[in-house]
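Next up, input.cif (mmCIF, C-alpha atoms):
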```cif
data_my_file
#
loop_
_atom_site.label_atom_id
_atom_site.label_comp_id
_atom_site.auth_asym_id
_atom_site.auth_seq_id
_atom_site.Cartn_x
_atom_site.Cartn_y
_atom_site.Cartn_z
CA MET A 1 27.73 -44.07 -19.12
CA THR A 2 24.41 -45.04 -20.59
CA VAL A 3 21.92 -42.53 -21.90
CA ARG A 4 19.59 -43.35 -19.02
CA ARG A 5 22.31 -42.60 -16.44
CA GLN A 6 23.16 -39.35 -18.22
CA VAL A 7 19.53 -38.27 -18.09
CA VAL A 8 19.25 -39.19 -14.39
CA ALA A 9 22.51 -37.34 -13.62
CA THR A 10 21.28 -34.25 -15.50
CA ILE A 11 17.95 -34.32 -13.67
CA ASP A 12 19.77 -34.67 -10.33
CA ARG A 13 21.94 -31.61 -11.14
CA ILE A 14 18.87 -29.59 -12.14
CA LEU A 15 17.02 -30.55 -8.96
CA ALA A 16 20.07 -29.68 -6.84
CA ALA A 17 20.33 -26.27 -8.53
CA VAL A 18 16.63 -25.61 -7.94
CA ALA A 19 16.95 -26.61 -4.28
CA ILE A 20 19.95 -24.29 -3.81
CA ALA A 21 18.13 -21.41 -5.49
CA ALA A 22 15.03 -21.97 -3.36
CA ALA A 23 17.04 -22.18 -0.15
CA SER A 24 18.97 -19.01 -0.91
CA GLY A 25 15.66 -17.16 -1.30
CA CYS A 26 14.61 -18.13 2.21
CA GLY A 27 15.27 -15.92 5.17
CA ALA A 28 13.82 -12.93 6.91
CA SER A 29 11.25 -10.97 4.93
CA PRO A 30 12.13 -7.38 4.07
CA ILE A 31 8.46 -6.51 4.68
CA THR A 32 8.39 -5.46 8.34
CA SER A 33 6.03 -3.47 10.54
CA THR A 34 8.73 -0.79 10.98
CA ARG A 35 9.09 -0.24 7.23
CA ILE A 36 5.33 -0.21 6.67
CA GLU A 37 4.73 2.19 9.59
CA ARG A 38 7.36 4.62 8.37
CA ALA A 39 6.08 4.52 4.78
CA ILE A 40 2.37 4.84 5.50
CA GLY A 41 2.90 7.61 8.07
CA ILE A 42 4.82 9.75 5.57
CA THR A 43 2.42 9.01 2.71
CA PHE A 44 -0.61 9.76 4.89
CA ALA A 45 0.82 13.12 6.06
CA ASN A 46 1.64 14.14 2.48
CA LEU A 47 -1.87 13.21 1.36
CA VAL A 48 -3.47 15.18 4.22
CA HIS A 49 -1.34 18.18 3.18
CA LEU A 50 -2.58 17.84 -0.42
CA GLN A 51 -6.19 17.22 0.68
CA VAL A 52 -6.17 20.41 2.77
CA SER A 53 -5.10 22.42 -0.27
CA TRP A 54 -7.75 20.76 -2.47
CA MET A 55 -10.36 21.69 0.13
CA GLY A 56 -9.28 25.35 -0.07
CA LEU A 57 -8.11 25.42 3.55
CA PRO A 58 -4.99 27.19 4.85
CA ALA A 59 -1.82 25.24 4.05
CA ILE A 60 -0.30 23.03 6.72
CA ALA A 61 3.11 21.35 6.34
CA PRO A 62 3.01 17.52 6.34
CA VAL A 63 5.25 17.36 9.42
CA GLU A 64 2.69 19.38 11.42
CA PHE A 65 0.19 16.52 11.18
CA GLY A 66 2.55 14.37 13.27
CA ALA A 67 1.27 11.21 11.62
CA THR A 68 2.51 7.99 13.22
CA ALA A 69 1.38 4.47 12.43
CA ASN A 70 1.11 1.25 14.34
CA CYS A 71 0.77 -1.79 12.07
CA ARG A 72 0.29 -5.49 12.59
CA LYS A 73 0.03 -8.34 10.13
CA VAL A 74 -3.22 -10.24 9.95
CA PRO A 75 -2.24 -13.90 10.42
CA ALA A 76 -3.36 -16.41 7.83
CA CYS A 77 -6.00 -18.83 9.05
CA GLY A 78 -4.32 -21.26 11.41
CA ALA A 79 -0.89 -19.61 11.11
CA ALA A 80 1.15 -18.25 13.97
CA PRO A 81 1.18 -14.44 14.20
CA ALA A 82 4.20 -12.78 12.57
CA ASN A 83 4.79 -9.10 11.92
CA THR A 84 6.65 -9.66 8.68
CA GLY A 85 5.81 -10.58 5.12
CA ALA A 86 3.49 -9.65 2.31
CA GLY A 87 -0.24 -9.99 2.72
CA ASP A 88 -2.95 -8.39 4.83
CA TRP A 89 -2.01 -5.83 7.49
CA ILE A 90 -3.97 -3.45 9.73
CA CYS A 91 -2.51 -0.03 10.50
CA THR A 92 -3.81 2.59 12.90
CA ILE A 93 -2.61 6.09 12.12
CA GLN A 94 -2.62 8.73 14.82
CA TRP A 95 -2.40 12.31 13.60
CA ASN A 96 -3.10 15.90 14.58
CA GLY A 97 -6.22 17.29 12.98
CA PRO A 98 -7.72 20.79 13.15
CA GLY A 99 -6.81 22.59 16.35
CA ARG A 100 -4.12 19.94 17.05
CA ARG A 101 -6.90 17.52 18.02
CA VAL A 102 -5.55 13.95 18.07
CA LEU A 103 -7.31 11.74 15.52
CA ARG A 104 -7.02 8.03 14.77
CA ASP A 105 -7.89 6.25 11.59
CA THR A 106 -7.52 2.55 10.86
CA TYR A 107 -6.61 1.16 7.45
CA ASP A 108 -6.69 -2.31 5.93
CA LEU A 109 -3.52 -2.76 3.90
CA PHE A 110 -2.62 -5.29 1.29
CA VAL A 111 1.16 -5.37 0.95
CA THR A 112 2.86 -7.07 -2.00
CA THR A 113 6.29 -8.71 -2.02
CA ASP A 114 7.84 -5.71 -3.77
CA GLY A 115 6.91 -3.36 -0.89
CA CYS A 116 3.91 -1.71 -2.51
CA TYR A 117 0.60 -1.46 -0.71
CA THR A 118 -3.01 -0.39 -1.04
CA ALA A 119 -4.56 1.18 2.06
CA THR A 120 -8.34 1.29 2.49
CA VAL A 121 -9.88 3.11 5.44
CA GLU A 122 -11.97 1.02 7.83
CA GLY A 123 -15.40 2.31 8.77
CA GLU A 124 -16.63 5.82 8.12
CA SER A 125 -14.02 7.87 9.98
CA LEU A 126 -12.85 9.54 6.77
CA ALA A 127 -16.27 9.84 5.14
CA ARG A 128 -16.58 8.64 1.59
CA PRO A 129 -14.65 8.64 -1.71
CA THR A 130 -15.50 12.29 -2.40
CA LEU A 131 -15.71 15.36 -0.20
CA THR A 132 -17.56 18.65 -0.64
CA THR A 133 -15.57 21.85 -0.24
CA ALA A 134 -16.90 24.99 1.47
CA ASP A 135 -17.76 26.44 -1.97
CA GLY A 136 -19.71 23.31 -2.98
CA ARG A 137 -17.12 21.59 -5.21
CA GLU A 138 -16.76 17.81 -5.07
CA VAL A 139 -13.14 16.65 -4.68
CA LYS A 140 -11.64 13.20 -4.38
CA ASN A 141 -11.00 12.09 -0.79
CA LEU A 142 -7.31 11.19 -1.02
CA LEU A 143 -7.42 9.49 2.39
CA TYR A 144 -10.23 7.05 1.56
CA VAL A 145 -8.05 4.64 -0.46
CA PHE A 146 -4.44 5.24 -1.36
CA GLU A 147 -1.35 3.42 -2.53
CA GLY A 148 2.32 3.64 -1.76
CA CYS A 149 5.59 1.73 -1.87
CA PHE A 150 8.66 1.43 0.32
CA ASP A 151 12.21 0.21 -0.15
CA THR A 152 12.67 -3.49 0.60
CA THR A 153 16.45 -3.59 0.20
#
```
Serialized structure, structure tokens:
Amino acid sequence: MTVRRQVVATIDRILAAVAIAAASGCGASPITSTRIERAIGITFANLVHLQVSWMGLPAIAPVEFGATANCRKVPACGAAPANTGAGDWICTIQWNGPGRRVLRDTYDLFVTTDGCYTATVEGESLARPTLTTADGREVKNLLYVFEGCFDTT
């Protein structure tokens, strides 16, 4: 076998290995609306619980907020809608506020391939980055922008 044929055969083997590796990585995305909804609902309820304590209000268990989320992926320009994969998502969280009043807040999420996300509230429903407590202290608004991760395995 000539040197040229050896080089071509080696390149062919490398390209075949790359194609096999790429094909084995294809398949259904582990980033799904169900996983995102579960993760953001729990994270949101835990942050509300913490925010209430920072505000000096009576403690409320995270489960009492009854936070549930409904999320959908924002399709890329020209792409067919799909509720899986990393990228931009919109989630509406419904939760019980003071006096068990039902509240809804909408978040823009950016979800990465490792299952981590940044959630930023849309509009002014949750005020601004800081809040003022009854005694005049400024505290960070934990619900304005927050981050979380979920298991993708």
Selection near A:Trp95, 6 Å with only C-alpha atoms, sequence-local residues under 5 positions removed, as a PyMOL selection string | chain A and resi 65-67+102-103
Selection: 9 Å around A:Ala61, only C-alpha atoms, excl. self and same-chain fewer than 4 positions, as a ChimeraX atom specification | /A:45-46,49,65
Same residues, C-alpha atoms, saved as a PDB file, in the frame of the given file:
```
ATOM      1  CA  ALA A  45       0.820  13.120   6.060  1.00  0.00           C
ATOM      2  CA  ASN A  46       1.640  14.140   2.480  1.00  0.00           C
ATOM      3  CA  HIS A  49      -1.340  18.180   3.180  1.00  0.00           C
ATOM      4  CA  PHE A  65       0.190  16.520  11.180  1.00  0.00           C
TER       5      PHE A  65
END
```
At what distance in Å, to one decimal, does atom CA of A:Gln51 lie from atom CA of A:Lys140?
-> 8.5 Å
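Of note, atom CA of A:Thr133 and atom CA of A:Ala39 are spaced 28.2 Å apart.
With distances taken over all atoms listed in the file, A:Glu64 is the one residue among A:Asp135, A:Glu64, A:Glu147, A:Glu124 lying closest to A:Val48.
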Quick one: apply the PyMOL selection byres ((chain A and resi 37) around 10) to the file and drop the selected residues here as a PyMOL selection string.
-> chain A and resi 32-36+38-43+67-72+91-93
State, in Å with one decimal place, the distance from atom CA of A:Tyr144 to atom CA of A:Arg128.
-> 6.5 Å
Would you write out, as a ChimeraX atom specification, every residue that the PyMOL selection byres ((chain A and resi 30) around 7) captures in this file?
-> /A:28-29,31-32,152-153
Of A:Phe44, A:Leu131, A:Val111, A:Asp88, the one sitting nearest A:Ala76 when using all atoms listed in the file is A:Asp88
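Among the candidates A:Gly115, A:Gly78, A:Gly56, A:Gly87, the residue lying nearest to A:Arg137 is A:Gly56 (atoms considered: only C-alpha atoms).
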Would you fill out stretch 105-128 of chain A with N, CA and C atoms and return it as a tab-separated table (two decimals), in the coordinates of the input?
```tsv
chain	number	residue	atom	x	y	z
A	105	ASP	N	-7.20	6.91	12.69
A	105	ASP	CA	-7.89	6.25	11.59
A	105	ASP	C	-7.23	4.90	11.36
A	106	THR	N	-8.03	3.90	11.06
A	106	THR	CA	-7.52	2.55	10.86
A	106	THR	C	-7.69	2.17	9.39
A	107	TYR	N	-6.64	1.56	8.86
A	107	TYR	CA	-6.61	1.16	7.45
A	107	TYR	C	-6.34	-0.34	7.33
A	108	ASP	N	-7.01	-0.95	6.36
A	108	ASP	CA	-6.69	-2.31	5.93
A	108	ASP	C	-5.67	-2.15	4.81
A	109	LEU	N	-4.55	-2.83	4.93
A	109	LEU	CA	-3.52	-2.76	3.90
A	109	LEU	C	-3.35	-4.12	3.25
A	110	PHE	N	-3.10	-4.09	1.96
A	110	PHE	CA	-2.62	-5.29	1.29
A	110	PHE	C	-1.24	-4.94	0.78
A	111	VAL	N	-0.23	-5.64	1.29
A	111	VAL	CA	1.16	-5.37	0.95
A	111	VAL	C	1.67	-6.48	0.05
A	112	THR	N	2.30	-6.09	-1.07
A	112	THR	CA	2.86	-7.07	-2.00
A	112	THR	C	4.34	-7.31	-1.70
A	113	THR	N	4.91	-8.33	-2.29
A	113	THR	CA	6.29	-8.71	-2.02
A	113	THR	C	7.30	-7.66	-2.45
A	114	ASP	N	6.90	-6.75	-3.33
A	114	ASP	CA	7.84	-5.71	-3.77
A	114	ASP	C	7.76	-4.45	-2.90
A	115	GLY	N	6.99	-4.49	-1.81
A	115	GLY	CA	6.91	-3.36	-0.89
A	115	GLY	C	5.86	-2.33	-1.25
A	116	CYS	N	4.99	-2.64	-2.18
A	116	CYS	CA	3.91	-1.71	-2.51
A	116	CYS	C	2.64	-2.13	-1.77
A	117	TYR	N	1.79	-1.16	-1.49
A	117	TYR	CA	0.60	-1.46	-0.71
A	117	TYR	C	-0.58	-0.63	-1.18
A	118	THR	N	-1.76	-1.13	-0.87
A	118	THR	CA	-3.01	-0.39	-1.04
A	118	THR	C	-3.63	-0.29	0.34
A	119	ALA	N	-3.96	0.93	0.75
A	119	ALA	CA	-4.56	1.18	2.06
A	119	ALA	C	-6.00	1.62	1.86
A	120	THR	N	-6.91	0.96	2.56
A	120	THR	CA	-8.34	1.29	2.49
A	120	THR	C	-8.83	1.56	3.90
A	121	VAL	N	-9.44	2.73	4.11
A	121	VAL	CA	-9.88	3.11	5.44
A	121	VAL	C	-10.98	2.17	5.93
A	122	GLU	N	-10.92	1.83	7.20
A	122	GLU	CA	-11.97	1.02	7.83
A	122	GLU	C	-13.07	1.95	8.33
A	123	GLY	N	-14.29	1.53	8.22
A	123	GLY	CA	-15.40	2.31	8.77
A	123	GLY	C	-15.63	3.62	8.03
A	124	GLU	N	-16.24	4.55	8.74
A	124	GLU	CA	-16.63	5.82	8.12
A	124	GLU	C	-15.89	7.01	8.70
A	125	SER	N	-14.74	6.77	9.32
A	125	SER	CA	-14.02	7.87	9.98
A	125	SER	C	-13.58	8.94	8.99
A	126	LEU	N	-13.28	8.56	7.77
A	126	LEU	CA	-12.85	9.54	6.77
A	126	LEU	C	-13.88	9.68	5.66
A	127	ALA	N	-15.13	9.55	6.03
A	127	ALA	CA	-16.27	9.84	5.14
A	127	ALA	C	-16.38	8.88	3.98
A	128	ARG	N	-16.30	9.41	2.80
A	128	ARG	CA	-16.58	8.64	1.59
A	128	ARG	C	-15.55	8.99	0.51
```
